[in-house]
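Everything on this sheet refers to the single structure shown next.
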Number of protein chains: 2
Amino acid sequence: MININTNTEHIKSFVTDVELSVYKDKVAKTFKTIYEKTGAGNDFLGWTSLPSEMTTEFIRDIKNQAETLRKKSEVFVVVGIGGSYLGARAVIESLSHSFSSLINKDNDTHIVYAGHNMSEDYMVELLELLDKKEYSMAVISKSGTTTEPAVAFRILKNHIEKKYGKDEARTRIVAITDKEKGALKTLANTEGYKTYIVPDNVGGRYSVLTPVGLLPIAVAGIDIEELVNGALTIENYCRENQNADNVVAQYAVARQALYHKVKTNEILVSYESRLQYIAEWWKQLYGESEGKDGKGIFPASDIFTTDLHSMGQYIQEGLRNLFETIISVERPNKEICIPLADSDLDQLNYIAGKRLSEVNHTAETATMLAHVDGGVPNIIIQIPEISAFTIGELIYFFEMGCALSGYMLEVNPFDQPGVEAYKKNMFALLGKKGFEDRADALRKRIK
Amino acid sequence: MININTNTEHIKSFVTDVELSVYKDKVAKTFKTIYEKTGAGNDFLGWTSLPSEMTTEFIRDIKNQAETLRKKSEVFVVVGIGGSYLGARAVIESLSHSFSSLINKDNDTHIVYAGHNMSEDYMVELLELLDKKEYSMAVISKSGTTTEPAVAFRILKNHIEKKYGKDEARTRIVAITDKEKGALKTLANTEGYKTYIVPDNVGGRYSVLTPVGLLPIAVAGIDIEELVNGALTIENYCRENQNADNVVAQYAVARQALYHKVKTNEILVSYESRLQYIAEWWKQLYGESEGKDGKGIFPASDIFTTDLHSMGQYIQEGLRNLFETIISVERPNKEICIPLADSDLDQLNYIAGKRLSEVNHTAETATMLAHVDGGVPNIIIQIPEISAFTIGELIYFFEMGCALSGYMLEVNPFDQPGVEAYKKNMFALLGKKGFEDRADALRKRIK
């Protein structure tokens, strides 16, 4: 039994059943390609079995480490970028109080992020915060030489050693990195940091269910066992249902079919603002996996009804190259009703007594129908509630959906060759050795 | 003297000078259409002269009111959606400490938002916060019947009256609404709330320099006089430079020219995460103004270098229908250098001693060149620093740029007919009187 359902009813006026039926064989073949590891990038399929291979001892070790850090930390800094931070942030924000930083619950450890940008103001302001708070941190980098987290960690390492002394500092730093090689691994060995391994066969954007995601998520006080169990149900379900009726395959097929109808922008929509970073994580997963060789669906996201009052006009009546994927949440976790008012000035008494979520859901259905009528196909991914378990399911759902989509698009869903281009230019312009020729050529273009 | 510059050098390999020269006459004519109020939607051109028409008394009144509210509020709730909240949030987040909610500075009033979604969990969690904090609020709605803020205000009005009693509560509520008619105006008169006016001739998405934006911004402790003065310099500059050399016109022309080359997705990029909500505000401004009649540029946004590690691959090598507009900030407000490390394990000693902002800037140039080489034109909008003054300039820059763009695209940049479609469906499905026929038709489609 899984909790996720995919509803593709509302793409039917854009794609015919005959057109969809073509994908039947393709889906079966693609599952085979994945499980038999015969496709491009097959060195990076470790994510497929992460949930089933996770041991209780491993989970317990992460939980214990997290508890130790939580006890002495008002703030926990996650130093990482891209796949080394988005998964953790997505899960943490989905499952945290909307005002967690303001409400100051006792014993709460608040997660903040560093090394995911190079804003000087942001870094100084982070240090201002860390001057005032008890803190610890995880530094997450396979190599240890990615510029953004490496720069941030240089600065933060100095800060934490000055604040606590070198001995205490080393108990407040956890390194999540390669199992044997790389700058961070070497440093961690020298300094004696507790370390966790980023597996070789899992790429950054598929790494949330490794220590990369699990340690920060556990420090945030979230039940990682539930998260992994949720993912496990979809892992098992996919292995047992390698066909086009599989809910994951339905999503992958729907978006491929729409892409071939020149619906080239996908907007991931949620009516719960706490899912915003699930969308950011999803953008990396799909954008980086599919956006190559001059093709791929452009991933965008909106929170509704908020953005119906900003992007709504465009979606209803702008260029018709869009489709939407809604993450639909059946039940809220908390409860409030709309009160009756004596004077019905705002004309809302007709919905007084209703749960707020009922109105939110009605807006969802109403909008879906309006957008479909306006020429925007809608895919609906339904989950019963937001919990560690269902977020775990959603993670595996999107990971497998992405692998299926990428292979059906005939790209390697596990590489990212284009990410190097700006880095090479940056090294050249910063004067790194070995990039001198490139530097000259670039400088001519900007002066 | 203005502080903004537009650099269109890096669209030149995509659009020829001859192609751009066509816009010379068009720009002059379009400025004329705006200032002589002869175009579509000319009832909504009040925003063009808001800065110059603002009186010192008006500013002083808002400042005084804001100070009164600040003194008694740890939290200030802005109840509004779309144009009734995005402008304020954009300015406030641009000019606030990155960790303002965690760092608990004395006398800080923290701004939170409500009525911009209908999440039940979010609303309950907001009330949990407000149970613990001294607070006041602004309710912002021209009509007072927009569902989201009206629902939120019903709930919050009950809460604040229960917490403080009716008499004190009314001193903690400010209504920003129509000058004479509508549900909120009537309620404010009955209850005796302090009220501010949303001018008739300014649409929601152009309203940040009215009390809609100015009161919350002032409550956040930001100098609204500086903000307005910044906007004023661009207002004056535009009136005096109604030609294609105008930096605002350069932006409008560049994006129109690129749109006609089928560059239909515009990504607004910043290397400062605090500008994220400037992008959200800009999305409404441009998306809602241009996205109609089956046309318009799809507005998206990224924060770099953060999103170079998620969207970077797609931008470098995906579908080639993209262009980027960078908001480039010359100087940070704070200062930190990259420290030297004894062991150069992370290989960063070659940039030790450099300001972090220098590396950030180099990444910006490096990325721009890499993306241009990959087939993505870049427009650069340069500001010297982030301050109330330059943010004011940026606001007017984008507003005028949007009006010019919309008219050149031959749409009415001041209406939003498509926003009604989902609302009508929602009223029908919620059982509002007068929508019975529509309700029957819709219900058939979803069961």
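Naming works like this for the structure tokens: A, B, ... for the chains as they're shown, residue 1 at the start of each chain, ligands 1 onward in shown order.
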Residues near region 363-366 of chain B, cut-off 6 Å, only C-alpha atoms, skip fewer than 4 positions along chain, as a PDB file with all heavy atoms, in the first residue's frame:
```pdb
ATOM      1  N   TYR A 422      30.770  27.575 -16.179  1.00  0.00           N
ATOM      2  CA  TYR A 422      30.982  28.821 -15.433  1.00  0.00           C
ATOM      3  C   TYR A 422      32.129  28.691 -14.447  1.00  0.00           C
ATOM      4  O   TYR A 422      32.844  29.658 -14.157  1.00  0.00           O
ATOM      5  CB  TYR A 422      29.695  29.281 -14.738  1.00  0.00           C
ATOM      6  CG  TYR A 422      29.552  28.839 -13.295  1.00  0.00           C
ATOM      7  CD1 TYR A 422      30.031  29.625 -12.239  1.00  0.00           C
ATOM      8  CD2 TYR A 422      28.938  27.628 -12.968  1.00  0.00           C
ATOM      9  CE1 TYR A 422      29.897  29.220 -10.921  1.00  0.00           C
ATOM     10  CE2 TYR A 422      28.807  27.218 -11.663  1.00  0.00           C
ATOM     11  CZ  TYR A 422      29.281  28.014 -10.643  1.00  0.00           C
ATOM     12  OH  TYR A 422      29.149  27.606  -9.337  1.00  0.00           O
ATOM     13  N   ASN A 425      35.408  29.386 -16.193  1.00  0.00           N
ATOM     14  CA  ASN A 425      35.553  30.839 -16.374  1.00  0.00           C
ATOM     15  C   ASN A 425      35.920  31.516 -15.060  1.00  0.00           C
ATOM     16  O   ASN A 425      36.755  32.416 -15.011  1.00  0.00           O
ATOM     17  CB  ASN A 425      34.235  31.446 -16.877  1.00  0.00           C
ATOM     18  CG  ASN A 425      33.986  31.179 -18.346  1.00  0.00           C
ATOM     19  OD1 ASN A 425      34.835  30.615 -19.033  1.00  0.00           O
ATOM     20  ND2 ASN A 425      32.825  31.574 -18.834  1.00  0.00           N
ATOM     21  N   MET A 426      35.284  31.077 -13.974  1.00  0.00           N
ATOM     22  CA  MET A 426      35.522  31.698 -12.672  1.00  0.00           C
ATOM     23  C   MET A 426      36.958  31.460 -12.205  1.00  0.00           C
ATOM     24  O   MET A 426      37.638  32.392 -11.767  1.00  0.00           O
ATOM     25  CB  MET A 426      34.530  31.155 -11.646  1.00  0.00           C
ATOM     26  CG  MET A 426      34.660  31.784 -10.267  1.00  0.00           C
ATOM     27  SD  MET A 426      33.337  31.264  -9.138  1.00  0.00           S
ATOM     28  CE  MET A 426      33.819  29.580  -8.782  1.00  0.00           C
TER      29      MET A 426
END
```
>> as a ChimeraX atom specification, please: the residues near Thr33 (chain B) (cut-off 12 Å, only C-alpha atoms, same-chain neighbours under 2 positions excluded).
In response: /B:26-31,35-42,45,242,403-404,406-408,410,412
Write the selection just made, keeping C-alpha atoms, as a short mmCIF file (atom, residue, chain, number, x, y, z; two decimals), in the first residue's frame?
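For reference, part-v3.cif as written:
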```
data_model
loop_
_atom_site.label_atom_id
_atom_site.label_comp_id
_atom_site.auth_asym_id
_atom_site.auth_seq_id
_atom_site.Cartn_x
_atom_site.Cartn_y
_atom_site.Cartn_z
CA LYS B 26 8.51 52.89 -30.86
CA VAL B 27 10.06 53.94 -27.56
CA ALA B 28 9.42 57.63 -28.12
CA LYS B 29 5.82 56.91 -29.09
CA THR B 30 5.30 54.61 -26.13
CA PHE B 31 6.57 57.20 -23.64
CA TYR B 35 2.55 60.48 -20.33
CA GLU B 36 -0.36 61.66 -22.47
CA LYS B 37 -2.51 58.84 -21.08
CA THR B 38 -3.78 57.76 -24.48
CA GLY B 39 -3.15 53.99 -24.20
CA ALA B 40 -5.20 51.07 -22.95
CA GLY B 41 -5.70 51.05 -19.20
CA ASN B 42 -4.93 54.77 -18.90
CA LEU B 45 -1.35 55.53 -14.55
CA GLN B 242 11.77 59.78 -23.37
CA ALA B 403 4.54 49.77 -18.90
CA LEU B 404 6.86 50.30 -21.88
CA GLY B 406 3.47 45.92 -22.24
CA TYR B 407 2.55 48.66 -24.69
CA MET B 408 5.25 47.56 -27.12
CA GLU B 410 0.45 45.60 -27.71
CA ASN B 412 -3.03 46.44 -21.85
#
```
Hey, which bits of region 158-277 of chain B sit within 8 Å of region 13-23 of chain B, and for each residue what's the closest pair of atoms and how far apart in Å (one decimal), counting only C-alpha atoms, rows by chain and increasing number, as CSV?
```
residue,atom,partner,partner_atom,distance
B:Ala244,CA,B:Tyr23,CA,7.3
B:Val253,CA,B:Tyr23,CA,6.7
B:Ala254,CA,B:Leu20,CA,7.7
B:Ala257,CA,B:Leu20,CA,6.9
B:Leu258,CA,B:Val15,CA,7.1
B:Lys261,CA,B:Val15,CA,7.9
```
> At what distance in Å, to one decimal, does CA of Arg154 (chain B) lie from CA of Ala183 (chain B)?
Replying inline: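 One can read the CA of Ala183 (chain B) to CA of Arg154 (chain B) distance as 12.4 Å.
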>> Can you pull out the residues contacting region 191-207 of chain A? Cut-off 6 Å, using only C-alpha atoms, and skip same-chain residues under 3 positions away; I want them as a ChimeraX atom specification.
In response: /A:43-44,46-47,83,170,174-179,188,210,285
Emit the selected residues as a compact mmCIF listing (two decimals), in the first residue's frame, including N, CA, C and O atoms.
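Contents of out.txt, as written:
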```
# COMPACT_ATOMS: atom_id res chain seq x y z
N ASP A 43 26.58 4.16 -13.26
CA ASP A 43 27.40 4.17 -12.04
C ASP A 43 26.71 4.91 -10.90
O ASP A 43 27.18 4.88 -9.76
N PHE A 44 25.64 5.62 -11.25
CA PHE A 44 25.02 6.48 -10.25
C PHE A 44 23.59 6.04 -9.91
O PHE A 44 22.69 6.86 -9.76
N GLY A 46 22.89 4.15 -7.20
CA GLY A 46 22.83 3.74 -5.80
C GLY A 46 21.57 4.19 -5.08
O GLY A 46 21.09 3.51 -4.16
N TRP A 47 21.00 5.32 -5.53
CA TRP A 47 19.79 5.84 -4.86
C TRP A 47 18.62 4.87 -4.95
O TRP A 47 17.73 4.91 -4.11
N GLY A 83 22.89 19.77 -4.38
CA GLY A 83 22.44 18.53 -3.77
C GLY A 83 22.90 18.34 -2.35
O GLY A 83 22.35 17.52 -1.61
N ARG A 170 36.13 20.84 17.55
CA ARG A 170 36.13 19.62 16.73
C ARG A 170 34.97 18.68 17.07
O ARG A 170 34.57 17.86 16.26
N VAL A 174 30.82 18.16 12.04
CA VAL A 174 30.69 16.86 11.40
C VAL A 174 30.97 17.06 9.91
O VAL A 174 30.49 18.02 9.31
N ALA A 175 31.77 16.17 9.33
CA ALA A 175 32.07 16.26 7.91
C ALA A 175 31.35 15.14 7.18
O ALA A 175 31.41 13.98 7.59
N ILE A 176 30.67 15.48 6.11
CA ILE A 176 29.98 14.48 5.28
C ILE A 176 30.63 14.55 3.91
O ILE A 176 30.50 15.55 3.20
N THR A 177 31.37 13.51 3.55
CA THR A 177 32.27 13.61 2.41
C THR A 177 32.62 12.23 1.84
O THR A 177 32.03 11.22 2.23
N ASP A 178 33.57 12.22 0.94
CA ASP A 178 34.00 10.96 0.30
C ASP A 178 34.54 9.97 1.35
O ASP A 178 35.06 10.37 2.39
N LYS A 179 34.43 8.67 1.03
CA LYS A 179 34.83 7.68 2.05
C LYS A 179 36.33 7.64 2.28
O LYS A 179 36.80 7.28 3.35
N ALA A 188 39.30 16.22 7.77
CA ALA A 188 38.52 15.60 8.84
C ALA A 188 39.36 14.59 9.61
O ALA A 188 39.30 14.52 10.85
N THR A 210 20.88 9.87 2.03
CA THR A 210 22.20 9.49 2.57
C THR A 210 22.46 10.44 3.76
O THR A 210 21.63 11.33 4.03
N LEU A 285 16.57 18.43 -9.28
CA LEU A 285 16.46 17.04 -9.69
C LEU A 285 16.11 16.95 -11.18
O LEU A 285 16.81 16.32 -11.97
```
>> Could you pull out the strand (DSSP E) residues of region 58-127 of chain A, going by DSSP on the backbone, and write them as a PyMOL selection string?
In response: chain A and resi 75-79+110-114
> Could you write out, as an MDAnalysis selection string, all the residues of region 29-64 of chain A that DSSP marks as alpha helix (DSSP H)?
Replying inline: chainID A and resid 29:35 50:53 56:64
Which polymer residues have any atom within 10 Å of an atom of Cys238 (chain B), counting only C-alpha atoms, with same-chain residues fewer than 6 positions away left out, as a tab-separated table (two decimals) with C-alpha atoms, in the first residue's frame?
```
chain	number	residue	atom	x	y	z
B	31	PHE	CA	6.57	57.20	-23.64
B	48	THR	CA	3.86	57.40	-12.76
B	232	LEU	CA	11.73	60.07	-7.65
B	246	ASN	CA	16.97	55.78	-21.49
B	247	VAL	CA	18.23	52.90	-19.30
B	248	VAL	CA	14.66	51.81	-18.58
B	249	ALA	CA	13.80	51.79	-22.27
B	396	TYR	CA	10.36	52.74	-10.47
B	397	PHE	CA	12.76	51.33	-13.07
B	400	MET	CA	8.19	52.02	-16.08
```
>> At a cut-off of 10 Å, using only C-alpha atoms, what residues contact Met368 (chain B)? Leave out same-chain residues fewer than 5 positions from it and give the result as a VMD selection string.
In response: (chain A and resid 422 425) or (chain B and resid 10 324 to 326 362 to 363 373 to 374 376 to 380)
Save the residues we just selected, N, CA and C atoms, as a PDB file, in the first residue's frame?
```pdb
ATOM      1  N   TYR A 422      30.770  27.575 -16.179  1.00  0.00           N
ATOM      2  CA  TYR A 422      30.982  28.821 -15.433  1.00  0.00           C
ATOM      3  C   TYR A 422      32.129  28.691 -14.447  1.00  0.00           C
ATOM      4  N   ASN A 425      35.408  29.386 -16.193  1.00  0.00           N
ATOM      5  CA  ASN A 425      35.553  30.839 -16.374  1.00  0.00           C
ATOM      6  C   ASN A 425      35.920  31.516 -15.060  1.00  0.00           C
TER       7      ASN A 425
ATOM      8  N   HIS B  10      25.580  42.086 -23.922  1.00  0.00           N
ATOM      9  CA  HIS B  10      25.597  40.621 -24.047  1.00  0.00           C
ATOM     10  C   HIS B  10      24.305  40.030 -24.604  1.00  0.00           C
ATOM     11  N   GLU B 324      18.457  35.805 -19.574  1.00  0.00           N
ATOM     12  CA  GLU B 324      18.611  36.187 -18.159  1.00  0.00           C
ATOM     13  C   GLU B 324      18.723  37.699 -18.020  1.00  0.00           C
ATOM     14  N   THR B 325      18.156  38.209 -16.937  1.00  0.00           N
ATOM     15  CA  THR B 325      18.364  39.605 -16.554  1.00  0.00           C
ATOM     16  C   THR B 325      18.985  39.593 -15.166  1.00  0.00           C
ATOM     17  N   ILE B 326      20.195  40.126 -15.076  1.00  0.00           N
ATOM     18  CA  ILE B 326      20.908  40.097 -13.795  1.00  0.00           C
ATOM     19  C   ILE B 326      20.764  41.437 -13.080  1.00  0.00           C
ATOM     20  N   THR B 362      33.132  37.898  -9.473  1.00  0.00           N
ATOM     21  CA  THR B 362      33.833  37.156 -10.520  1.00  0.00           C
ATOM     22  C   THR B 362      32.964  36.002 -11.005  1.00  0.00           C
ATOM     23  N   ALA B 363      32.292  35.338 -10.068  1.00  0.00           N
ATOM     24  CA  ALA B 363      31.355  34.279 -10.449  1.00  0.00           C
ATOM     25  C   ALA B 363      30.284  34.839 -11.382  1.00  0.00           C
ATOM     26  N   ASP B 373      27.732  32.130 -24.076  1.00  0.00           N
ATOM     27  CA  ASP B 373      28.343  31.143 -24.974  1.00  0.00           C
ATOM     28  C   ASP B 373      27.427  29.936 -25.183  1.00  0.00           C
ATOM     29  N   GLY B 374      26.622  29.629 -24.175  1.00  0.00           N
ATOM     30  CA  GLY B 374      25.708  28.497 -24.285  1.00  0.00           C
ATOM     31  C   GLY B 374      24.418  28.839 -25.018  1.00  0.00           C
ATOM     32  N   VAL B 376      22.395  31.759 -24.219  1.00  0.00           N
ATOM     33  CA  VAL B 376      21.448  32.472 -23.352  1.00  0.00           C
ATOM     34  C   VAL B 376      21.863  33.952 -23.257  1.00  0.00           C
ATOM     35  N   PRO B 377      21.136  34.838 -23.926  1.00  0.00           N
ATOM     36  CA  PRO B 377      21.455  36.269 -23.852  1.00  0.00           C
ATOM     37  C   PRO B 377      21.335  36.785 -22.419  1.00  0.00           C
ATOM     38  N   ASN B 378      22.150  37.762 -22.076  1.00  0.00           N
ATOM     39  CA  ASN B 378      22.127  38.349 -20.731  1.00  0.00           C
ATOM     40  C   ASN B 378      21.957  39.864 -20.781  1.00  0.00           C
ATOM     41  N   ILE B 379      21.010  40.355 -20.007  1.00  0.00           N
ATOM     42  CA  ILE B 379      20.857  41.793 -19.788  1.00  0.00           C
ATOM     43  C   ILE B 379      21.352  42.056 -18.367  1.00  0.00           C
ATOM     44  N   ILE B 380      22.114  43.122 -18.180  1.00  0.00           N
ATOM     45  CA  ILE B 380      22.604  43.408 -16.829  1.00  0.00           C
ATOM     46  C   ILE B 380      22.054  44.754 -16.354  1.00  0.00           C
TER      47      ILE B 380
END
```
